[in-house]
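What follows is the content of data31.txt, which has compact mmCIF, C-alpha atoms:
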# COMPACT_ATOMS: atom_id res chain seq x y z
CA ILE L 27 186.03 162.53 25.46
CA LEU L 28 184.37 165.68 24.18
CA ASN L 29 186.22 168.98 24.26
CA VAL L 30 183.93 171.62 25.65
CA GLU L 31 184.56 175.34 25.81
CA GLN L 32 182.56 177.88 27.75
CA SER L 33 182.69 181.60 27.22
CA PRO L 34 183.13 184.04 28.70
CA GLN L 35 185.10 182.68 31.64
CA SER L 36 183.59 185.33 33.89
CA LEU L 37 180.98 188.00 33.66
CA HIS L 38 179.98 190.94 35.83
CA VAL L 39 176.57 192.51 35.28
CA GLN L 40 174.28 194.89 37.09
CA GLU L 41 171.05 193.74 38.67
CA GLY L 42 168.32 193.82 36.04
CA ASP L 43 170.64 193.22 33.09
CA SER L 44 169.98 190.29 30.81
CA THR L 45 172.94 188.17 29.90
CA ASN L 46 173.93 185.07 28.02
CA PHE L 47 176.85 182.73 27.72
CA THR L 48 177.98 179.99 25.40
CA CYS L 49 178.90 176.34 25.58
CA SER L 50 180.69 174.98 22.48
CA PHE L 51 181.32 171.31 21.78
CA PRO L 52 182.11 169.02 18.83
CA SER L 53 178.92 168.40 16.88
CA SER L 54 179.72 164.78 16.06
CA ASN L 55 178.52 161.95 18.33
CA PHE L 56 176.25 164.22 20.31
CA TYR L 57 173.67 162.69 22.62
CA ALA L 58 172.81 165.20 25.32
CA LEU L 59 173.88 168.41 27.00
CA HIS L 60 173.59 169.20 30.69
CA TRP L 61 173.61 172.66 32.28
CA TYR L 62 174.35 173.02 35.98
CA ARG L 63 174.49 176.00 38.32
CA TRP L 64 177.04 175.96 41.14
CA GLU L 65 176.65 178.59 43.82
CA THR L 66 179.47 179.21 46.25
CA ALA L 67 179.31 176.91 49.29
CA LYS L 68 176.50 174.87 47.73
CA SER L 69 176.21 171.78 45.54
CA PRO L 70 175.96 171.93 41.76
CA GLU L 71 172.30 171.97 40.78
CA ALA L 72 170.91 170.69 37.49
CA LEU L 73 169.23 173.31 35.33
CA PHE L 74 168.55 171.55 32.05
CA VAL L 75 169.18 168.33 30.18
CA MET L 76 168.80 168.86 26.44
CA THR L 77 168.91 166.33 23.64
CA LEU L 78 167.23 167.60 20.49
CA ASN L 79 168.57 170.07 17.94
CA GLY L 80 166.60 173.28 18.25
CA ASP L 81 165.50 172.38 21.77
CA GLU L 82 164.70 175.30 24.02
CA LYS L 83 164.13 174.93 27.75
CA LYS L 84 163.11 177.45 30.36
CA LYS L 85 163.14 177.61 34.14
CA GLY L 86 161.92 180.91 35.51
CA ARG L 87 164.16 183.66 34.14
CA ILE L 88 166.72 181.18 32.82
CA SER L 89 166.46 179.58 29.41
CA ALA L 90 168.72 177.58 27.15
CA THR L 91 168.87 176.72 23.48
CA LEU L 92 170.68 173.92 21.71
CA ASN L 93 172.20 173.67 18.24
CA THR L 94 173.62 170.20 17.77
CA LYS L 95 174.50 170.69 14.10
CA GLU L 96 176.93 173.49 14.82
CA GLY L 97 177.81 172.37 18.33
CA TYR L 98 176.74 175.07 20.73
CA SER L 99 174.26 175.90 23.45
CA TYR L 100 173.35 179.30 24.83
CA LEU L 101 172.20 179.97 28.37
CA TYR L 102 170.19 183.16 28.87
CA ILE L 103 169.32 184.92 32.09
CA LYS L 104 166.67 187.62 31.85
CA GLY L 105 166.72 190.41 34.40
CA SER L 106 169.66 189.11 36.42
CA GLN L 107 169.35 189.12 40.20
CA PRO L 108 172.12 188.88 42.82
CA GLU L 109 170.96 185.36 43.64
CA ASP L 110 171.85 184.35 40.07
CA SER L 111 175.52 184.83 40.97
CA ALA L 112 177.09 181.41 40.45
CA THR L 113 179.25 179.38 38.12
CA TYR L 114 177.31 177.90 35.23
CA LEU L 115 178.66 174.61 33.93
CA CYS L 116 177.80 172.73 30.79
CA ALA L 117 178.57 169.09 30.10
CA PRO L 118 177.95 167.60 26.65
CA HIS L 119 177.70 163.85 26.15
CA GLY L 120 179.37 162.10 23.26
CA SER L 121 177.96 158.70 24.11
CA SER L 122 174.60 157.37 25.13
CA ASN L 123 175.89 154.55 27.27
CA THR L 124 177.45 156.26 30.22
CA GLY L 125 176.25 158.86 32.66
CA LYS L 126 179.77 160.25 33.09
CA LEU L 127 179.79 164.03 32.70
CA ILE L 128 182.73 165.90 31.20
CA PHE L 129 182.33 169.48 32.35
CA GLY L 130 183.46 172.70 30.78
CA GLN L 131 185.44 175.18 32.88
CA GLY L 132 182.28 177.16 33.52
CA THR L 133 181.18 180.77 33.28
CA THR L 134 181.23 182.62 36.59
CA LEU L 135 178.51 185.23 36.81
CA GLN L 136 178.56 188.03 39.36
CA VAL L 137 175.42 190.17 39.58
CA LYS L 138 175.89 193.46 41.40
CA PRO L 139 172.90 194.95 43.22
CA GLY C 26 163.32 163.64 50.57
CA ALA C 27 166.92 163.63 51.68
CA GLY C 28 169.54 164.66 49.17
CA VAL C 29 173.02 163.32 48.61
CA SER C 30 175.14 163.57 51.72
CA GLN C 31 178.89 163.41 52.09
CA SER C 32 181.22 163.12 55.03
CA PRO C 33 183.37 164.57 56.32
CA SER C 34 182.70 168.06 55.02
CA ASN C 35 186.31 169.01 55.59
CA LYS C 36 189.39 166.87 56.01
CA VAL C 37 192.93 167.99 56.67
CA THR C 38 195.54 165.27 56.48
CA GLU C 39 199.28 164.97 56.36
CA LYS C 40 201.05 163.94 53.21
CA GLY C 41 201.43 160.18 53.07
CA LYS C 42 198.36 159.36 55.15
CA ASP C 43 195.33 157.47 53.83
CA VAL C 44 191.88 159.06 53.76
CA GLU C 45 188.36 157.77 53.24
CA LEU C 46 185.56 159.91 51.90
CA ARG C 47 181.98 158.79 52.20
CA CYS C 48 178.92 159.38 50.03
CA ASP C 49 175.29 158.53 50.75
CA PRO C 50 173.25 158.85 47.54
CA ILE C 51 169.57 159.56 47.24
CA SER C 52 167.58 156.46 48.11
CA GLY C 53 166.61 154.53 44.99
CA HIS C 54 169.30 156.07 42.79
CA THR C 55 171.19 153.24 41.16
CA ALA C 56 173.96 155.35 39.66
CA LEU C 57 176.66 157.07 41.68
CA TYR C 58 179.50 159.28 40.49
CA TRP C 59 182.60 160.79 42.04
CA TYR C 60 184.10 164.04 40.76
CA ARG C 61 186.70 166.43 42.10
CA GLN C 62 187.61 170.05 41.62
CA ARG C 63 191.15 171.16 42.27
CA LEU C 64 191.86 174.82 42.87
CA GLY C 65 191.44 176.85 39.72
CA GLN C 66 190.32 173.87 37.67
CA GLY C 67 187.04 172.50 36.45
CA LEU C 68 185.04 169.54 37.69
CA GLU C 69 186.87 166.32 36.87
CA PHE C 70 185.18 162.90 36.58
CA LEU C 71 186.73 160.14 38.70
CA ILE C 72 184.52 157.03 38.72
CA TYR C 73 180.98 155.86 37.99
CA PHE C 74 179.04 153.09 39.73
CA GLN C 75 176.02 151.31 38.38
CA GLY C 76 174.66 149.42 41.36
CA ASN C 77 177.70 147.98 43.11
CA SER C 78 179.87 147.63 40.04
CA ALA C 79 182.06 150.30 38.49
CA PRO C 80 181.87 150.16 34.69
CA ASP C 81 183.89 153.34 34.31
CA LYS C 82 186.98 154.01 36.40
CA SER C 83 188.69 155.98 33.70
CA GLY C 84 189.00 159.15 35.73
CA LEU C 85 190.90 157.76 38.70
CA PRO C 86 194.21 159.61 38.50
CA SER C 87 196.44 156.87 39.93
CA ASP C 88 196.36 153.50 41.65
CA ARG C 89 196.39 155.33 44.98
CA PHE C 90 192.73 156.06 44.35
CA SER C 91 190.06 153.41 44.79
CA ALA C 92 186.35 153.37 45.43
CA GLU C 93 183.73 150.88 46.37
CA ARG C 94 180.00 150.83 46.76
CA THR C 95 178.04 148.42 48.91
CA GLY C 96 174.36 147.56 49.01
CA GLU C 97 173.68 149.90 46.10
CA SER C 98 173.91 152.76 48.54
CA VAL C 99 176.92 154.08 50.38
CA SER C 100 180.17 154.61 48.52
CA THR C 101 183.62 155.28 49.86
CA LEU C 102 186.47 156.86 47.96
CA THR C 103 189.85 155.96 49.40
CA ILE C 104 193.05 157.80 48.69
CA GLN C 105 196.20 156.08 49.86
CA ARG C 106 199.49 157.83 50.59
CA THR C 107 197.96 161.25 49.96
CA GLN C 108 199.95 163.84 48.05
CA GLN C 109 199.53 167.60 48.02
CA GLU C 110 198.12 167.46 44.50
CA ASP C 111 195.21 165.43 45.89
CA SER C 112 193.94 168.56 47.65
CA ALA C 113 190.56 169.31 46.13
CA VAL C 114 186.83 169.35 46.72
CA TYR C 115 185.52 165.83 46.15
CA LEU C 116 181.92 165.72 44.98
CA CYS C 117 179.59 162.78 44.84
CA ALA C 118 176.47 162.68 42.67
CA SER C 119 173.70 160.19 42.07
CA SER C 120 171.08 159.71 39.41
CA LEU C 121 167.98 157.62 39.07
CA VAL C 122 169.26 155.32 36.36
CA GLY C 123 172.84 154.64 35.52
CA GLY C 124 174.38 154.85 32.08
CA ARG C 125 171.78 157.26 30.78
CA VAL C 126 172.91 160.65 29.64
CA THR C 127 169.46 162.15 29.83
CA TYR C 128 169.08 161.82 33.59
CA GLU C 129 170.17 164.77 35.67
CA GLN C 130 172.61 164.18 38.46
CA TYR C 131 172.09 165.30 42.05
CA PHE C 132 175.23 166.44 43.80
CA GLY C 133 176.24 166.31 47.43
CA PRO C 134 177.85 169.21 49.29
CA GLY C 135 181.35 167.86 48.79
CA THR C 136 184.32 167.05 50.97
CA ARG C 137 187.12 169.59 51.00
CA LEU C 138 190.38 167.67 51.32
CA THR C 139 193.55 169.51 52.23
CA VAL C 140 196.84 167.62 52.23
CA THR C 141 199.58 169.40 54.17
Let's see the structure in the file written out as structure tokens.
Amino acid sequence: ILNVEQSPQSLHVQEGDSTNFTCSFPSSNFYALHWYRWETAKSPEALFVMTLNGDEKKKGRISATLNTKEGYSYLYIKGSQPEDSATYLCAPHGSSNTGKLIFGQGTTLQVKP
Amino acid sequence: GAGVSQSPSNKVTEKGKDVELRCDPISGHTALYWYRQRLGQGLEFLIYFQGNSAPDKSGLPSDRFSAERTGESVSTLTIQRTQQEDSAVYLCASSLVGGRVTYEQYFGPGTRLTVT
């Protein structure tokens, strides 16, 4: 089981601010990293699945980078909007042969209008 | 198409009673997962199905918990003799292919279980 840490635990920003948060995990036995967004009263929604060192993925104003050698991933949100308010979860995989996700505690983002 | 559905959305039960939670995955998804989130804690893996078999039950917290899946579709999670610590949101997810870490999972809306 991988130990995953997400920081900060929570974040409050003003609308229009750009922000980023971190997912840290052991760099050994890495296969993939998932990012999910979980809005209150909704289901967790997949943002990215990343596998390659140096990988960078983007979806609208949200992007993510991956460093498998040092064991971290950054999630960036450019020009935060109130609808970005959610908990962002990462889940690294230490094995290729199971789909089981071990989630971090998440970073809860609150964007104030 | 239809997403993952779960029922009931809310369940209040008395300590010691048995409960059944149901999950309908996306049609064609062979992999199905159960997770839960207790108050103030993160998402916790419970069990994984590939087709109708469960190659990974490592997250089930005790033998009061069991799950089955029939016809490569519906799954039920059963909790016997519920305890207050079982109170949580139980989430089901499915993915296109089981056992592959690169496939994203699609989550249902969850069942909020409260044990009084």
Find the residues near Arg61 of chain C: any atom within 9 Å, counting all atoms listed in the file, skip ones fewer than 4 places away on the same chain, and give them as a compact mmCIF listing (two decimals) with C-alpha atoms, in the coordinates of the input.
# COMPACT_ATOMS: atom_id res chain seq x y z
CA GLY C 67 187.04 172.50 36.45
CA LEU C 68 185.04 169.54 37.69
CA GLU C 69 186.87 166.32 36.87
CA PHE C 70 185.18 162.90 36.58
CA LEU C 71 186.73 160.14 38.70
CA ALA C 113 190.56 169.31 46.13
CA VAL C 114 186.83 169.35 46.72
CA TYR C 115 185.52 165.83 46.15
CA LEU C 116 181.92 165.72 44.98
CA CYS C 117 179.59 162.78 44.84
CA GLY C 135 181.35 167.86 48.79
Review point. So which one's closest to chain L, C:Asn77, C:Ser52, C:Gln66, C:Thr136? Using all atoms listed in the file, please.
Key: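 Once distances to chain L are computed over all atoms listed in the file, the minimum belongs to C:Gln66.
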Check your understanding: Quick one: of C:Asp111, C:Glu129, C:His54, C:Trp59, who's nearest to Gln31 of chain C, counting all atoms listed in the file?
Key ->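 Using all atoms listed in the file, Gln31 of chain C sits closest to C:Trp59.
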Practice item. May I have the residues of chain L within 9 Å of chain C, counting all atoms listed in the file, written as a PyMOL selection string? Key: chain L and resi 57-60+67-77+115+119+121-132
**Study point:** atom CA of Asp49 of chain C to atom CA of Gly96 of chain C, straight-line distance in Å
**Key:** 11.1 Å
